[in-house]
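Since the structure comes first, as structure tokens, the remarks are kept for the end.
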Amino acid sequence: MQQLLRTVLFLHGHGIVHGCIQLGHLRITGAHKLYLLAHVLPLTLFALSSPYALDARQLAAPEVQRHECITSGSDVWSMGVVLLQLLTNSETKFCTEDLVDMDLLSPWLSACGPATKSFLVQCFKKDAGVRPTLIELMAHTFLTGSHTDYDMSLGNEADAHEKEDTTESEKEEEEEEEEDDL
């Protein structure tokens with residue numbers, strides 16, 4: 001996600017807003033280079049019944065679907081779409097209406113940790129002006145690793161248990177010291 005955010009930030013720095021990034025538009029090489037394969041042109045240029053237009057519209061930000069101005073907020077929406085696509089199996093189908101103003105009780109978020117939920121909820125605000133900037137997303141605890149469920153979400157249960165064991169042994173030592181003082 002960080003590489004994708006940096007790539008989109010680079011595009012924005014050059015005046016380019018993609019508008020509708022989805023997992024199918026991305027490729028990662030063996031050298032871990034990220035390639036953005038598709039650029040979305042205004043949907044009115046396509047026959048609305050074409051497979052490309054239907055696919056693009058299915059998960060597009062609300063302002064893109066309404067044929068309004070595409071902004072950097074549209075790409076923030078796309079960051080949420082890509083993350084949700086990564087977290088769900090390929091057969092899971094959802095659309096923009098499922099995602100607009102998503103709340104923490106959404107069934108799409110049931111298996112996610114708190115930081116992941118927070119990241120997604122911010123991306124899926126209906127109003128593009130309320131969504132965070134890409135720079136704010138880069139600093140989000142989901143990406144910085146400064147949240148408490150990060151170790152568990154990466155499958156490092158052993159590290160988490162070691163931390164618990166250390167805390168318990170420290171407590172036992174303190175109790176022993178208190179008993180000695182009495």
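Letters A, B, ... go to the chains of the structure tokens in the order shown; residues in each chain start at 1; ligands are counted from 1 in the same order.
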_Spatial neighbours of His25 (chain A), 8 Å, only C-alpha atoms, chain gap at least 3 places, as a VMD selection string_ = chain A and resid 21 to 22 36 to 38
Those same residues, written as a tab-separated table (two decimals), in the first residue's frame with C-alpha atoms?
```tsv
chain	number	residue	atom	x	y	z
A	21	ILE	CA	-7.55	2.61	-9.35
A	22	GLN	CA	-8.49	-1.01	-8.68
A	36	LEU	CA	-0.13	1.06	-12.80
A	37	LEU	CA	-1.55	-0.47	-15.98
A	38	ALA	CA	-4.67	1.53	-16.69
```
*Using only C-alpha atoms, pick whichever of A:Leu34, A:Leu109, A:Ile16, A:Leu143 has the shortest atom-to-atom distance to Gln85 (chain A).*
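Between A:Leu34, A:Leu109, A:Ile16, A:Leu143, the residue approaching Gln85 (chain A) most closely is A:Leu109.
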*Leu5 (chain A): which residues within 10 Å, counting only C-alpha atoms, same-chain residues fewer than 6 positions away excluded, as a list in words?*
Leu11, Asp75, Val76, Met79, Leu134, Ile135, Leu137 and Met138 of chain A
Include N, CA, C and O atoms and write out the residues we just selected as a short mmCIF file (atom, residue, chain, number, x, y, z; two decimals), in the first residue's frame.
```cif
data_model
loop_
_atom_site.label_atom_id
_atom_site.label_comp_id
_atom_site.auth_asym_id
_atom_site.auth_seq_id
_atom_site.Cartn_x
_atom_site.Cartn_y
_atom_site.Cartn_z
N LEU A 11 2.24 10.98 -9.10
CA LEU A 11 1.35 11.41 -10.20
C LEU A 11 0.68 12.73 -9.86
O LEU A 11 0.62 13.64 -10.69
N ASP A 75 -8.78 9.43 -5.75
CA ASP A 75 -7.72 8.44 -5.61
C ASP A 75 -7.60 7.93 -4.18
O ASP A 75 -7.20 6.79 -3.96
N VAL A 76 -7.99 8.74 -3.20
CA VAL A 76 -8.04 8.26 -1.81
C VAL A 76 -9.09 7.16 -1.72
O VAL A 76 -8.86 6.12 -1.09
N MET A 79 -7.65 4.01 -2.94
CA MET A 79 -6.74 3.33 -2.00
C MET A 79 -7.55 2.39 -1.10
O MET A 79 -7.13 1.26 -0.83
N LEU A 134 -3.61 12.03 0.58
CA LEU A 134 -2.70 10.89 0.46
C LEU A 134 -1.55 10.99 1.47
O LEU A 134 -1.11 9.98 2.01
N ILE A 135 -1.10 12.19 1.74
CA ILE A 135 -0.03 12.37 2.73
C ILE A 135 -0.54 11.97 4.11
O ILE A 135 0.19 11.32 4.88
N LEU A 137 -2.84 9.77 4.68
CA LEU A 137 -2.92 8.30 4.67
C LEU A 137 -1.54 7.67 4.88
O LEU A 137 -1.42 6.64 5.55
N MET A 138 -0.50 8.27 4.32
CA MET A 138 0.86 7.74 4.50
C MET A 138 1.25 7.73 5.98
O MET A 138 2.02 6.88 6.40
#
```
*Between CA of Ala115 (chain A) and CA of Thr144 (chain A), measure the distance and give it in Å to one decimal.*
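Separating CA of Ala115 (chain A) from CA of Thr144 (chain A) is a distance of 10.2 Å.
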_For a test of reading the model, state the distance in Å between CA of Thr96 (chain A) and CA of Phe10 (chain A), rounded to one decimal._
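Interatomic distance, CA of Thr96 (chain A) to CA of Phe10 (chain A): 25.8 Å.
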*Which polymer residues have any atom within 12 Å of an atom of Thr116 (chain A), counting only C-alpha atoms, with same-chain residues fewer than 3 positions away left out, as an MDAnalysis selection string?*
chainID A and resid 1 80 83:84 86:87 104 108:113 119:123 137 140:145 147:150 153
Taking C-alpha atoms for each residue, export the selection above as a short mmCIF file (atom, residue, chain, number, x, y, z; two decimals), in the first residue's frame.
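Saved as selection_25.cif:
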```
data_model
loop_
_atom_site.label_atom_id
_atom_site.label_comp_id
_atom_site.auth_asym_id
_atom_site.auth_seq_id
_atom_site.Cartn_x
_atom_site.Cartn_y
_atom_site.Cartn_z
CA MET A 1 0.00 0.00 0.00
CA GLY A 80 -9.59 1.97 0.12
CA LEU A 83 -6.97 -2.51 0.24
CA LEU A 84 -10.46 -4.01 0.51
CA LEU A 86 -6.59 -7.33 -1.12
CA LEU A 87 -8.35 -8.29 2.12
CA LEU A 104 -17.09 0.22 11.84
CA TRP A 108 -16.70 -5.90 5.03
CA LEU A 109 -14.69 -4.87 8.09
CA SER A 110 -15.58 -7.69 10.47
CA ALA A 111 -12.23 -9.49 10.14
CA CYS A 112 -10.10 -6.33 10.16
CA GLY A 113 -8.08 -4.94 13.03
CA PHE A 119 -7.99 3.45 7.34
CA LEU A 120 -10.87 2.07 5.26
CA VAL A 121 -13.60 4.13 6.95
CA GLN A 122 -11.65 7.31 6.18
CA CYS A 123 -11.19 6.36 2.52
CA LEU A 137 -2.92 8.30 4.67
CA HIS A 140 -1.91 6.55 9.21
CA THR A 141 -1.14 3.97 11.89
CA PHE A 142 -2.18 1.20 9.50
CA LEU A 143 0.86 1.98 7.35
CA THR A 144 3.31 3.19 9.98
CA GLY A 145 3.00 0.11 12.15
CA HIS A 147 -0.74 0.45 16.27
CA THR A 148 -1.21 -2.32 18.82
CA ASP A 149 -2.72 -4.96 16.53
CA TYR A 150 0.07 -4.68 13.95
CA SER A 153 -2.13 -8.75 11.80
#
```
_DSSP on the backbone, strand (DSSP E or B) only: what residues of region 15-128 of chain A does that give? Format it as a VMD selection string._
chain A and resid 26 to 28 34 to 36
Saved selection, atoms kept: all heavy atoms, as a short mmCIF file (atom, residue, chain, number, x, y, z; two decimals), in the first residue's frame:
```
data_model
loop_
_atom_site.label_atom_id
_atom_site.label_comp_id
_atom_site.auth_asym_id
_atom_site.auth_seq_id
_atom_site.Cartn_x
_atom_site.Cartn_y
_atom_site.Cartn_z
N LEU A 26 -3.18 -3.03 -11.30
CA LEU A 26 -1.83 -3.02 -10.73
C LEU A 26 -1.09 -4.32 -11.03
O LEU A 26 -1.69 -5.39 -11.04
CB LEU A 26 -1.91 -2.84 -9.20
CG LEU A 26 -2.69 -1.63 -8.71
CD1 LEU A 26 -2.82 -1.69 -7.20
CD2 LEU A 26 -2.02 -0.34 -9.15
N ARG A 27 0.22 -4.20 -11.22
CA ARG A 27 1.08 -5.37 -11.37
C ARG A 27 2.34 -5.12 -10.57
O ARG A 27 2.89 -4.01 -10.58
CB ARG A 27 1.48 -5.64 -12.83
CG ARG A 27 0.36 -6.09 -13.71
CD ARG A 27 -0.15 -7.48 -13.35
NE ARG A 27 -1.29 -7.84 -14.16
CZ ARG A 27 -2.56 -7.67 -13.82
NH1 ARG A 27 -2.86 -7.16 -12.67
NH2 ARG A 27 -3.53 -8.02 -14.62
N ILE A 28 2.83 -6.16 -9.90
CA ILE A 28 4.08 -6.07 -9.17
C ILE A 28 5.03 -7.08 -9.78
O ILE A 28 4.69 -8.25 -9.93
CB ILE A 28 3.87 -6.34 -7.67
CG1 ILE A 28 2.92 -5.30 -7.09
CG2 ILE A 28 5.21 -6.32 -6.93
CD1 ILE A 28 2.59 -5.51 -5.64
N LEU A 34 6.12 -1.66 -8.72
CA LEU A 34 4.69 -1.53 -8.93
C LEU A 34 4.42 -0.81 -10.24
O LEU A 34 5.02 0.22 -10.52
CB LEU A 34 4.07 -0.73 -7.77
CG LEU A 34 2.59 -0.44 -7.88
CD1 LEU A 34 1.79 -1.72 -7.63
CD2 LEU A 34 2.19 0.62 -6.87
N TYR A 35 3.53 -1.38 -11.05
CA TYR A 35 3.13 -0.77 -12.31
C TYR A 35 1.64 -0.52 -12.29
O TYR A 35 0.86 -1.42 -11.97
CB TYR A 35 3.49 -1.66 -13.51
CG TYR A 35 4.98 -1.73 -13.76
CD1 TYR A 35 5.73 -2.74 -13.21
CD2 TYR A 35 5.61 -0.76 -14.53
CE1 TYR A 35 7.10 -2.80 -13.42
CE2 TYR A 35 6.98 -0.82 -14.75
CZ TYR A 35 7.72 -1.84 -14.20
OH TYR A 35 9.06 -1.89 -14.41
N LEU A 36 1.26 0.69 -12.65
CA LEU A 36 -0.13 1.06 -12.80
C LEU A 36 -0.46 0.89 -14.27
O LEU A 36 0.10 1.57 -15.13
CB LEU A 36 -0.33 2.51 -12.35
CG LEU A 36 -1.72 3.07 -12.29
CD1 LEU A 36 -2.62 2.21 -11.40
CD2 LEU A 36 -1.67 4.49 -11.75
#
```
